[in-house]
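With mmCIF, C-alpha atoms inside, this is run_4.cif:
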```cif
data_my_file
#
loop_
_atom_site.label_atom_id
_atom_site.label_comp_id
_atom_site.auth_asym_id
_atom_site.auth_seq_id
_atom_site.Cartn_x
_atom_site.Cartn_y
_atom_site.Cartn_z
CA MET E 1 -2.53 -24.67 -93.02
CA GLY E 2 0.35 -26.64 -94.55
CA PRO E 3 3.84 -26.86 -93.07
CA ALA E 4 5.26 -24.68 -95.82
CA ALA E 5 3.26 -21.68 -94.61
CA LEU E 6 5.28 -18.81 -93.21
CA ILE E 7 2.75 -18.00 -90.51
CA LEU E 8 1.47 -20.99 -88.56
CA ALA E 9 -1.57 -20.94 -86.31
CA LEU E 10 -1.41 -17.18 -85.96
CA ALA E 11 -3.91 -15.89 -83.41
CA THR E 12 -5.97 -13.09 -84.94
CA LEU E 13 -8.41 -10.55 -83.61
CA ALA E 14 -11.29 -9.89 -86.00
CA LEU E 15 -12.67 -6.38 -86.20
CA PRO E 16 -16.40 -6.22 -87.02
CA GLY E 17 -17.50 -4.22 -90.02
CA ALA E 18 -15.52 -2.21 -92.55
CA LEU E 19 -13.21 0.56 -91.45
CA MET E 20 -14.72 3.79 -92.73
CA ALA E 21 -13.63 7.40 -92.49
CA GLN E 22 -15.27 7.90 -89.09
CA GLY E 23 -13.66 4.70 -87.82
CA THR E 24 -14.94 1.58 -86.14
CA VAL E 25 -16.30 1.07 -82.63
CA ILE E 26 -15.56 -2.27 -80.97
CA ASP E 27 -18.13 -2.66 -78.21
CA ASP E 28 -17.29 -6.28 -77.37
CA THR E 29 -15.29 -5.81 -74.18
CA GLY E 30 -13.46 -9.13 -74.51
CA ARG E 31 -12.34 -8.42 -78.06
CA ALA E 32 -11.41 -4.84 -77.23
CA GLY E 33 -9.37 -6.02 -74.25
CA ARG E 34 -7.42 -8.49 -76.38
CA LEU E 35 -6.67 -5.82 -78.98
CA LEU E 36 -5.50 -3.37 -76.33
CA ALA E 37 -3.31 -6.08 -74.78
CA VAL E 38 -1.54 -6.48 -78.14
CA LEU E 39 -0.94 -2.71 -78.36
CA ASP E 40 0.23 -2.51 -74.73
CA HIS E 41 2.85 -5.21 -75.49
CA ALA E 42 3.99 -3.68 -78.77
CA ALA E 43 6.85 -1.18 -79.12
CA TRP E 44 5.74 2.46 -78.81
CA LEU E 45 7.16 5.87 -77.92
CA ALA E 46 5.54 7.76 -75.06
CA ASP E 47 4.72 11.36 -76.02
CA GLY E 48 3.55 13.36 -73.02
CA GLU E 49 3.05 12.47 -69.37
CA ALA E 50 1.86 8.96 -68.52
CA SER E 51 -1.93 8.95 -68.47
CA ASP E 52 -4.77 6.46 -68.46
CA ARG E 53 -6.21 8.64 -71.24
CA HIS E 54 -4.05 7.87 -74.24
CA ILE E 55 -4.18 7.30 -78.00
CA TYR E 56 -2.16 4.70 -79.82
CA VAL E 57 -0.94 6.32 -83.05
CA ILE E 58 0.16 3.72 -85.59
CA ALA E 59 2.61 5.65 -87.74
CA SER E 60 5.44 5.43 -90.25
CA THR E 61 8.59 7.51 -90.48
CA ASP E 62 7.86 7.94 -94.21
CA CYS E 63 4.33 9.30 -93.70
CA GLY E 64 3.82 13.01 -94.43
CA TYR E 65 0.44 13.00 -92.67
CA CYS E 66 2.15 11.57 -89.56
CA ALA E 67 4.68 14.41 -89.68
CA ARG E 68 1.85 16.92 -89.89
CA LEU E 69 0.08 15.23 -86.98
CA PHE E 70 3.22 15.40 -84.85
CA ALA E 71 3.63 19.12 -85.51
CA ASP E 72 -0.04 19.85 -84.80
CA SER E 73 0.02 17.79 -81.58
CA ARG E 74 2.61 20.03 -79.89
CA SER E 75 -0.21 22.27 -78.68
CA HIS E 76 -2.53 21.48 -75.75
CA ARG E 77 -3.68 17.86 -75.64
CA ASP E 78 -6.09 17.93 -72.71
CA GLY E 79 -4.00 15.47 -70.66
CA VAL E 80 -4.03 12.81 -73.37
CA GLN E 81 -0.77 10.94 -73.93
CA LEU E 82 0.17 9.89 -77.47
CA ARG E 83 1.81 6.51 -77.91
CA TRP E 84 3.59 6.44 -81.26
CA LEU E 85 3.59 2.87 -82.51
CA LEU E 86 6.05 2.87 -85.41
CA VAL E 87 5.84 0.29 -88.17
CA GLY E 88 7.77 0.00 -91.42
CA THR E 89 10.96 -1.24 -92.97
CA ARG E 90 14.39 -1.61 -91.45
CA ALA E 91 15.64 1.12 -93.77
CA GLY E 92 13.13 3.75 -92.63
CA GLY E 93 14.63 4.65 -89.27
CA ALA E 94 11.68 3.38 -87.23
CA GLY E 95 13.83 0.85 -85.37
CA ALA E 96 16.37 3.49 -84.37
CA LEU E 97 13.64 5.78 -83.05
CA LEU E 98 12.06 2.95 -81.06
CA ALA E 99 15.44 2.22 -79.48
CA VAL E 100 16.10 5.89 -78.63
CA ASP E 101 12.60 6.09 -77.07
CA ASP E 102 12.37 9.87 -77.30
CA ALA E 103 9.42 11.65 -78.90
CA GLU E 104 11.44 14.80 -79.56
CA THR E 105 13.88 12.81 -81.69
CA LEU E 106 10.88 11.49 -83.64
CA GLY E 107 9.82 15.10 -84.19
CA GLN E 108 13.27 16.01 -85.49
CA VAL E 109 13.10 13.16 -88.03
CA TYR E 110 9.64 14.29 -89.12
CA ALA E 111 11.14 17.76 -89.57
CA GLY E 112 13.78 16.38 -91.95
CA ALA E 113 16.67 15.22 -89.74
CA SER E 114 18.31 11.87 -90.37
CA PRO E 115 17.47 9.16 -87.84
CA PRO E 116 20.27 7.72 -85.71
CA ALA E 117 21.77 4.36 -86.66
CA THR E 118 19.61 1.38 -85.76
CA ASP E 119 21.11 -1.09 -83.29
CA ASP E 120 20.11 -4.61 -82.29
CA LEU E 121 17.55 -3.30 -79.79
CA GLY E 122 15.89 -1.19 -82.48
CA TYR E 123 15.67 -4.14 -84.86
CA ALA E 124 14.16 -6.32 -82.13
CA LEU E 125 11.51 -3.71 -81.28
CA LEU E 126 10.67 -3.18 -84.95
CA ASP E 127 10.33 -6.95 -85.39
CA VAL E 128 7.77 -7.02 -82.58
CA ASN E 129 5.68 -4.41 -84.41
CA ALA E 130 5.92 -6.41 -87.64
CA TRP E 131 3.46 -8.87 -86.08
CA LEU E 132 0.75 -6.25 -85.60
CA PRO E 133 -1.04 -6.41 -88.99
CA GLY E 134 -1.71 -10.13 -88.53
CA LEU E 135 -2.52 -10.01 -84.84
CA LEU E 136 -4.87 -7.03 -85.14
CA GLU E 137 -6.21 -7.59 -88.67
CA LEU E 138 -5.84 -3.87 -89.30
CA ASP E 139 -4.73 -2.33 -92.57
CA LEU E 140 -1.65 -0.64 -91.16
CA THR E 141 -0.73 0.79 -94.55
CA VAL E 142 -3.18 3.55 -93.60
CA THR E 143 -1.14 5.87 -91.40
CA PRO E 144 -1.73 7.42 -89.06
CA THR E 145 -4.31 5.10 -87.52
CA PHE E 146 -5.67 6.03 -84.08
CA VAL E 147 -6.78 3.48 -81.46
CA PHE E 148 -8.22 4.63 -78.14
CA GLN E 149 -10.89 3.97 -75.54
CA GLY E 150 -14.04 5.86 -76.49
CA ARG E 151 -17.36 6.37 -74.72
CA SER E 152 -19.10 3.37 -76.28
CA GLY E 153 -16.15 1.09 -76.89
CA LEU E 154 -12.72 0.91 -78.43
CA ARG E 155 -12.34 3.35 -81.35
CA VAL E 156 -10.19 2.59 -84.41
CA VAL E 157 -9.88 5.60 -86.72
CA PRO E 158 -7.75 5.29 -89.89
CA GLY E 159 -6.31 8.38 -91.57
CA LEU E 160 -5.57 11.88 -90.35
CA GLY E 161 -9.05 13.20 -91.14
CA ASP E 162 -9.68 16.45 -89.33
CA GLY E 163 -6.68 15.91 -87.10
CA LEU E 164 -6.25 15.33 -83.39
CA ALA E 165 -8.51 18.08 -82.05
CA GLY E 166 -11.73 16.27 -82.91
CA LEU E 167 -10.58 13.03 -81.26
CA LEU E 168 -9.31 14.36 -77.92
CA PRO E 169 -12.76 14.96 -76.34
CA GLN E 170 -13.72 11.36 -77.15
CA VAL E 171 -10.77 9.73 -75.34
CA GLN E 172 -11.85 8.01 -72.12
CA ALA E 173 -9.70 6.70 -69.27
CA ARG E 174 -8.59 3.08 -69.14
CA ARG E 175 -8.36 1.55 -65.70
CA GLY E 176 -4.72 0.65 -65.07
CA GLY E 177 -3.74 2.01 -68.46
CA SER E 178 -1.17 4.62 -67.45
CA ALA E 179 1.95 2.58 -68.21
CA THR E 180 5.19 4.52 -68.65
CA GLU E 181 6.64 2.15 -71.28
CA SER E 182 5.58 -0.74 -73.47
CA ARG E 183 5.82 -4.30 -72.21
CA SER E 184 8.07 -5.33 -75.09
CA ARG E 185 10.54 -2.66 -74.00
CA ILE E 186 10.40 -4.00 -70.44
CA VAL E 187 11.15 -7.51 -71.73
CA LEU E 188 14.11 -6.12 -73.69
CA ALA E 189 15.46 -4.02 -70.82
CA ASP E 190 18.72 -6.00 -70.82
CA GLY E 191 18.94 -6.06 -74.61
CA PRO E 192 18.11 -8.77 -77.14
CA ALA E 193 18.97 -12.32 -76.11
CA ALA E 194 21.94 -14.07 -77.71
CA VAL E 195 21.01 -16.57 -80.41
CA ALA E 196 23.18 -19.69 -80.72
CA PRO E 197 23.43 -21.88 -83.82
CA ALA E 198 20.94 -24.73 -83.92
CA PRO E 199 21.85 -28.32 -84.80
CA MET E 200 18.70 -28.67 -86.91
CA THR E 201 17.21 -26.68 -89.78
CA ARG E 202 13.54 -27.47 -89.21
CA LEU E 203 11.37 -28.35 -86.22
CA ILE E 204 8.30 -30.52 -86.71
CA ASN E 205 6.03 -30.66 -83.68
CA PHE E 206 5.57 -34.40 -83.16
CA ARG E 207 3.97 -33.87 -79.75
CA GLU E 208 0.23 -34.02 -79.10
CA ASN E 209 0.00 -30.42 -77.86
CA PRO E 210 0.86 -27.18 -79.68
CA LEU E 211 4.04 -25.27 -78.85
CA PRO E 212 3.40 -21.60 -77.93
CA LEU E 213 4.95 -18.93 -80.17
CA PHE E 214 6.04 -15.48 -78.93
CA THR E 215 7.43 -12.33 -80.54
CA LEU E 216 10.40 -12.39 -78.12
CA PRO E 217 12.08 -15.23 -76.20
CA ASP E 218 10.30 -14.44 -72.95
CA GLN E 219 6.94 -15.64 -71.63
CA ARG E 220 6.09 -12.04 -70.69
CA ALA E 221 6.29 -11.10 -74.36
CA LEU E 222 3.46 -10.81 -76.86
CA ALA E 223 1.93 -14.19 -77.70
CA ALA E 224 1.89 -14.58 -81.48
CA GLY E 225 0.27 -17.98 -81.97
CA GLU E 226 1.37 -21.59 -81.75
CA LEU E 227 2.97 -24.43 -83.67
CA ALA E 228 0.26 -27.05 -84.05
CA PRO E 229 0.99 -30.81 -83.95
CA ARG E 230 2.52 -32.12 -87.20
CA GLN E 231 3.28 -28.63 -88.48
CA SER E 232 6.76 -27.15 -88.77
CA TYR E 233 8.94 -24.06 -88.84
CA ALA E 234 12.40 -23.42 -90.29
CA VAL E 235 14.80 -23.09 -87.33
CA THR E 236 17.27 -20.20 -87.22
CA GLY E 237 18.80 -20.62 -83.75
CA LEU E 238 18.48 -21.49 -80.06
CA VAL E 239 18.10 -19.03 -77.18
CA GLY E 240 19.11 -20.27 -73.77
CA ASP E 241 17.69 -23.58 -72.55
CA ASP E 242 14.03 -22.94 -73.38
CA TRP E 243 13.62 -21.20 -76.74
CA ILE E 244 13.90 -22.03 -80.44
CA GLN E 245 14.12 -19.10 -82.86
CA VAL E 246 12.22 -19.73 -86.09
CA ALA E 247 11.61 -17.97 -89.39
CA ALA E 248 8.09 -16.82 -88.64
CA LEU E 249 7.14 -13.98 -91.01
CA GLN E 250 8.38 -12.91 -94.42
CA ARG E 251 9.30 -9.23 -94.70
CA THR E 252 7.43 -7.25 -97.32
CA GLU E 253 10.26 -4.81 -98.03
CA ALA E 254 12.42 -5.09 -101.13
CA ALA E 255 15.41 -6.50 -99.26
CA GLY E 256 13.28 -9.38 -98.01
CA GLY E 257 14.41 -11.42 -95.03
CA ILE E 258 12.44 -12.86 -92.17
CA VAL E 259 10.94 -11.69 -88.90
CA PRO E 260 11.85 -14.17 -86.15
CA GLY E 261 9.42 -15.80 -83.78
CA TYR E 262 10.27 -17.81 -80.67
CA LEU E 263 8.87 -21.19 -79.69
CA TYR E 264 8.81 -21.99 -75.99
CA ALA E 265 10.08 -25.57 -76.21
CA PRO E 266 12.50 -26.54 -73.40
CA ASP E 267 12.14 -30.26 -74.12
CA GLU E 268 12.98 -29.78 -77.80
CA VAL E 269 16.01 -27.61 -76.92
CA ARG E 270 17.33 -30.29 -74.56
CA LEU E 271 16.85 -32.98 -77.21
CA ALA E 272 18.52 -30.83 -79.85
CA ARG E 273 21.59 -30.57 -77.61
CA LEU E 274 21.90 -34.29 -76.85
CA ASP E 275 25.46 -35.55 -77.16
CA TYR E 276 25.52 -38.94 -78.89
CA ARG E 277 27.36 -40.78 -81.63
CA ILE E 278 25.77 -42.98 -84.28
CA GLU E 279 27.91 -46.04 -84.99
CA PRO E 280 27.39 -47.21 -88.58
CA ALA E 281 25.27 -50.31 -89.11
CA ALA E 282 23.56 -51.91 -92.09
CA GLY E 283 20.64 -54.22 -92.70
CA GLU E 284 17.00 -53.74 -91.83
CA LEU E 285 14.93 -53.38 -88.70
CA ALA E 286 11.45 -54.78 -88.21
CA ALA E 287 8.89 -54.86 -85.43
CA SER E 288 8.25 -58.20 -83.79
CA ASP E 289 4.75 -59.05 -82.63
CA ALA E 290 3.62 -55.56 -81.54
CA PRO E 291 3.88 -51.98 -82.88
CA ARG E 292 7.16 -50.26 -81.99
CA PRO E 293 7.75 -46.52 -81.45
CA VAL E 294 9.97 -44.57 -83.82
CA LEU E 295 11.37 -41.52 -81.95
CA THR E 296 12.90 -38.22 -83.01
CA HIS E 297 15.98 -38.71 -80.78
CA PRO E 298 17.71 -41.53 -78.90
CA ASP E 299 16.09 -40.56 -75.62
CA PRO E 300 13.13 -42.08 -73.70
CA THR E 301 11.39 -38.67 -73.50
CA ALA E 302 11.61 -37.92 -77.23
CA PRO E 303 8.31 -37.57 -79.12
CA VAL E 304 7.04 -40.49 -81.19
CA ILE E 305 7.10 -39.83 -84.93
CA THR E 306 5.25 -42.98 -85.92
CA TRP E 307 4.79 -46.63 -85.00
CA LEU E 308 6.42 -49.53 -86.79
CA ALA E 309 3.69 -52.13 -87.25
CA PRO E 310 4.43 -55.87 -87.12
CA GLY E 311 5.82 -56.96 -90.45
CA GLU E 312 6.94 -53.45 -91.47
CA VAL E 313 10.64 -52.92 -92.17
CA LEU E 314 12.89 -49.83 -92.13
CA PRO E 315 16.50 -49.54 -93.38
CA ARG E 316 18.93 -49.56 -90.48
CA THR E 317 21.65 -46.89 -90.62
CA GLY E 318 23.38 -47.17 -87.24
CA ARG E 319 23.26 -47.73 -83.51
CA VAL E 320 23.47 -45.40 -80.51
CA GLN E 321 24.65 -46.35 -77.03
CA ARG E 322 23.77 -43.97 -74.17
CA GLU E 323 23.37 -44.34 -70.41
CA GLU E 324 19.62 -44.29 -70.93
CA GLY E 325 19.74 -47.30 -73.28
CA ARG E 326 20.50 -48.40 -76.83
CA TRP E 327 18.74 -47.32 -79.99
CA THR E 328 18.76 -48.36 -83.61
CA ALA E 329 19.00 -45.50 -86.09
CA VAL E 330 16.70 -45.96 -89.08
CA ALA E 331 16.15 -44.15 -92.38
CA LEU E 332 12.69 -42.60 -92.16
CA PHE E 333 13.02 -39.14 -93.70
CA ARG E 334 13.85 -38.41 -97.32
CA ASP E 335 16.54 -35.89 -96.39
CA GLY E 336 18.48 -38.53 -94.46
CA THR E 337 17.63 -37.29 -90.95
CA PRO E 338 17.73 -40.37 -88.73
CA ALA E 339 14.95 -41.59 -86.47
CA PHE E 340 15.47 -43.96 -83.55
CA VAL E 341 13.87 -47.16 -82.27
CA PRO E 342 14.67 -48.51 -78.78
CA GLU E 343 16.59 -51.74 -79.33
CA ALA E 344 14.68 -53.58 -76.63
CA ALA E 345 11.53 -52.93 -78.66
CA ALA E 346 12.78 -54.12 -82.04
CA GLU E 347 14.33 -57.08 -83.76
CA ASP E 348 16.93 -57.02 -86.49
CA VAL E 349 16.37 -58.55 -89.89
CA PRO E 350 19.68 -60.25 -90.84
CA ASP E 351 21.72 -58.58 -93.56
CA ALA E 352 21.29 -60.04 -96.99
CA ASP E 353 23.99 -62.47 -98.15
CA PRO E 354 26.36 -60.25 -100.14
CA SER E 355 27.21 -63.21 -102.40
CA ALA E 356 23.60 -63.67 -103.43
CA GLY E 357 22.58 -62.54 -106.90
CA ASP E 358 19.89 -59.97 -107.72
#
```
Take the structure in this file and express it as structure tokens.
Amino acid sequence: MGPAALILALATLALPGALMAQGTVIDDTGRAGRLLAVLDHAAWLADGEASDRHIYVIASTDCGYCARLFADSRSHRDGVQLRWLLVGTRAGGAGALLAVDDAETLGQVYAGASPPATDDLGYALLDVNAWLPGLLELDLTVTPTFVFQGRSGLRVVPGLGDGLAGLLPQVQARRGGSATESRSRIVLADGPAAVAPAPMTRLINFRENPLPLFTLPDQRALAAGELAPRQSYAVTGLVGDDWIQVAALQRTEAAGGIVPGYLYAPDEVRLARLDYRIEPAAGELAASDAPRPVLTHPDPTAPVITWLAPGEVLPRTGRVQREEGRWTAVALFRDGTPAFVPEAAAEDVPDADPSAGD
């Protein structure tokens, strides 16, 4: 997948067979466990007492069938908890309801009330759920969609069908599945993290290993994929000392915009915050008798972009002096972003005589 892609190395969970009216049964325990882990981490509203017998209800605030389901579900549910997993646009009130975390307020909105104003927490929770279509490979435009542990495997049932009554007897207990709140909400207990401006607009992974990508800047959050070597993301900010916020997904709503993702990259954050000054210099720089590393930053731990082979020449744009050593800044990228060669590992080609003719 090319570096211009909006979703890079996104981990997906394939569901076998076509989703039909009666739903799909996933009997592969490993695959079912991974799917349930995604839903456990996502942002949902608990409706009813915590129970290891529960149904994830993927719903929209604009869905009339979901409103009907909510009204019908007020009667006896045989000890089954509903977990309303709201998806949709920022304008639909889903984020506000996720932040309020109260099923009765959801019911009032389904009955025609206006949702409360969405705050930063609501936007963050809604952004987590924006990852679900890709991570689950479910058509979440079909709402409601039910996901629960059945007798012979994990059941995925799209559409209201005959309603909740026919599904309740099929819901089986999940060992350790009686959580009181979603894991994304636990991660966001202190509110969304502050995002600081970043000194770069794009991050290319020049390291040999992928950088892990998460839906929130916390390693307890939902893993969303990775940034593979030599691929890139547009950078939108830094979070603390360990995280880079990137433009990960494109919104489908009319207003557009992006859904952020977070790369766990403490080394890249440290390098991005290096304090150094490039003193202007002209001429050219060439390798001597051995290949020389060209680094992303004037630091011994910076990743190697490429190697300057003997006889190859790069335009020299400046020099950097730091406690860790001296580097020559060279023009490698078309946009003018400098790269750096340790001076001990390079030799200068003398400047051309300015009095010489063309």
Nearest-residue call for Arg53 of chain E, choices E:Pro133, E:Pro293, E:Pro229, E:Gly177, using all atoms listed in the file: E:Gly177
Counting only C-alpha atoms, what is within 12 Å of Gly92 of chain E, bar same-chain residues fewer than 5 positions away, as a VMD selection string? chain E and resid 59 to 63 86 to 87 97 to 98 109 to 110 114 to 118 122 to 123 126 253
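Of the listed residues E:Ala32, E:Ala37, E:Leu168, E:Leu271, the one whose atoms come nearest to Leu82 of chain E is E:Leu168, with distances taken using all atoms listed in the file.
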Selection as a PyMOL selection string: residues within 12 Å of (6.1, -49.5, -87.7), counting all atoms listed in the file: chain E and resi 285-295+304-315+330+332+339-341+345-347
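For the atom pair formed by atom CA of His54 of chain E and atom CA of Glu181 of chain E, the distance is 12.5 Å, given to one decimal.
For segment 316-327 of chain E, the residues within 9 Å (counting all atoms listed in the file, excluding itself and residues fewer than 2 positions away along the chain) are Tyr276, Arg277, Ile278, Glu279, Pro280, Ala281, Ala282, Gly283, Glu284, Leu285, Pro298, Asp299, Pro300, Leu314, Ala329, Val330, Ala331, Pro338, Phe340, Val341, Pro342, Glu343, Ala344 and Asp348 of chain E.
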Within 12 Å of Val246 of chain E, counting all atoms listed in the file, which residues qualify if same-chain residues fewer than 4 places away don't, as a count of residues only? 35
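With distances restricted to only C-alpha atoms, E:Ala179 is the closest residue to Asp52 of chain E from E:Ala96, E:Val147, E:Ala179, E:Leu154.
Across the model, the gap from atom CA of Val80 of chain E to atom CA of Glu49 of chain E is 8.1 Å.
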Place a sphere of radius 12 Å on (2.0, -10.4, -74.8) in the file coordinates and name every protein, DNA or RNA residue with an atom inside or on its surface, counting all atoms listed in the file; give the answer as a PDB file with C-alpha atoms, in the frame of the given file.
```pdb
ATOM      1  CA  ALA E  11      -3.910 -15.890 -83.410  1.00  0.00           C
ATOM      2  CA  ARG E  34      -7.420  -8.490 -76.380  1.00  0.00           C
ATOM      3  CA  LEU E  35      -6.670  -5.820 -78.980  1.00  0.00           C
ATOM      4  CA  LEU E  36      -5.500  -3.370 -76.330  1.00  0.00           C
ATOM      5  CA  ALA E  37      -3.310  -6.080 -74.780  1.00  0.00           C
ATOM      6  CA  VAL E  38      -1.540  -6.480 -78.140  1.00  0.00           C
ATOM      7  CA  LEU E  39      -0.940  -2.710 -78.360  1.00  0.00           C
ATOM      8  CA  ASP E  40       0.230  -2.510 -74.730  1.00  0.00           C
ATOM      9  CA  HIS E  41       2.850  -5.210 -75.490  1.00  0.00           C
ATOM     10  CA  ALA E  42       3.990  -3.680 -78.770  1.00  0.00           C
ATOM     11  CA  ALA E  43       6.850  -1.180 -79.120  1.00  0.00           C
ATOM     12  CA  VAL E 128       7.770  -7.020 -82.580  1.00  0.00           C
ATOM     13  CA  ASN E 129       5.680  -4.410 -84.410  1.00  0.00           C
ATOM     14  CA  TRP E 131       3.460  -8.870 -86.080  1.00  0.00           C
ATOM     15  CA  LEU E 132       0.750  -6.250 -85.600  1.00  0.00           C
ATOM     16  CA  LEU E 135      -2.520 -10.010 -84.840  1.00  0.00           C
ATOM     17  CA  SER E 182       5.580  -0.740 -73.470  1.00  0.00           C
ATOM     18  CA  ARG E 183       5.820  -4.300 -72.210  1.00  0.00           C
ATOM     19  CA  SER E 184       8.070  -5.330 -75.090  1.00  0.00           C
ATOM     20  CA  ARG E 185      10.540  -2.660 -74.000  1.00  0.00           C
ATOM     21  CA  ILE E 186      10.400  -4.000 -70.440  1.00  0.00           C
ATOM     22  CA  VAL E 187      11.150  -7.510 -71.730  1.00  0.00           C
ATOM     23  CA  PRO E 212       3.400 -21.600 -77.930  1.00  0.00           C
ATOM     24  CA  LEU E 213       4.950 -18.930 -80.170  1.00  0.00           C
ATOM     25  CA  PHE E 214       6.040 -15.480 -78.930  1.00  0.00           C
ATOM     26  CA  THR E 215       7.430 -12.330 -80.540  1.00  0.00           C
ATOM     27  CA  LEU E 216      10.400 -12.390 -78.120  1.00  0.00           C
ATOM     28  CA  PRO E 217      12.080 -15.230 -76.200  1.00  0.00           C
ATOM     29  CA  ASP E 218      10.300 -14.440 -72.950  1.00  0.00           C
ATOM     30  CA  GLN E 219       6.940 -15.640 -71.630  1.00  0.00           C
ATOM     31  CA  ARG E 220       6.090 -12.040 -70.690  1.00  0.00           C
ATOM     32  CA  ALA E 221       6.290 -11.100 -74.360  1.00  0.00           C
ATOM     33  CA  LEU E 222       3.460 -10.810 -76.860  1.00  0.00           C
ATOM     34  CA  ALA E 223       1.930 -14.190 -77.700  1.00  0.00           C
ATOM     35  CA  ALA E 224       1.890 -14.580 -81.480  1.00  0.00           C
ATOM     36  CA  GLY E 225       0.270 -17.980 -81.970  1.00  0.00           C
TER      37      GLY E 225
END
```
Chain and number of each residue from the PyMOL selection byres ((chain E and resi 71-76) around 10), as a ChimeraX atom specification: /E:47-48,65-70,77-80,82,107,110-111,163-165
note - atom CA of Ala124 of chain E and atom CA of Asp102 of chain E are separated by 17.0 Å
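By all atoms listed in the file, and with residues fewer than 6 positions from Pro266 of chain E along its chain excluded, the set lying at most 7 Å from it is Asp241, Asp242 and Trp243 of chain E.
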Those same residues, written as a CSV table (one decimal), keeping the file's coordinate frame with C-alpha atoms?
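Final file, result-v8.csv:
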```csv
chain,number,residue,atom,x,y,z
E,241,ASP,CA,17.7,-23.6,-72.6
E,242,ASP,CA,14.0,-22.9,-73.4
E,243,TRP,CA,13.6,-21.2,-76.7
```
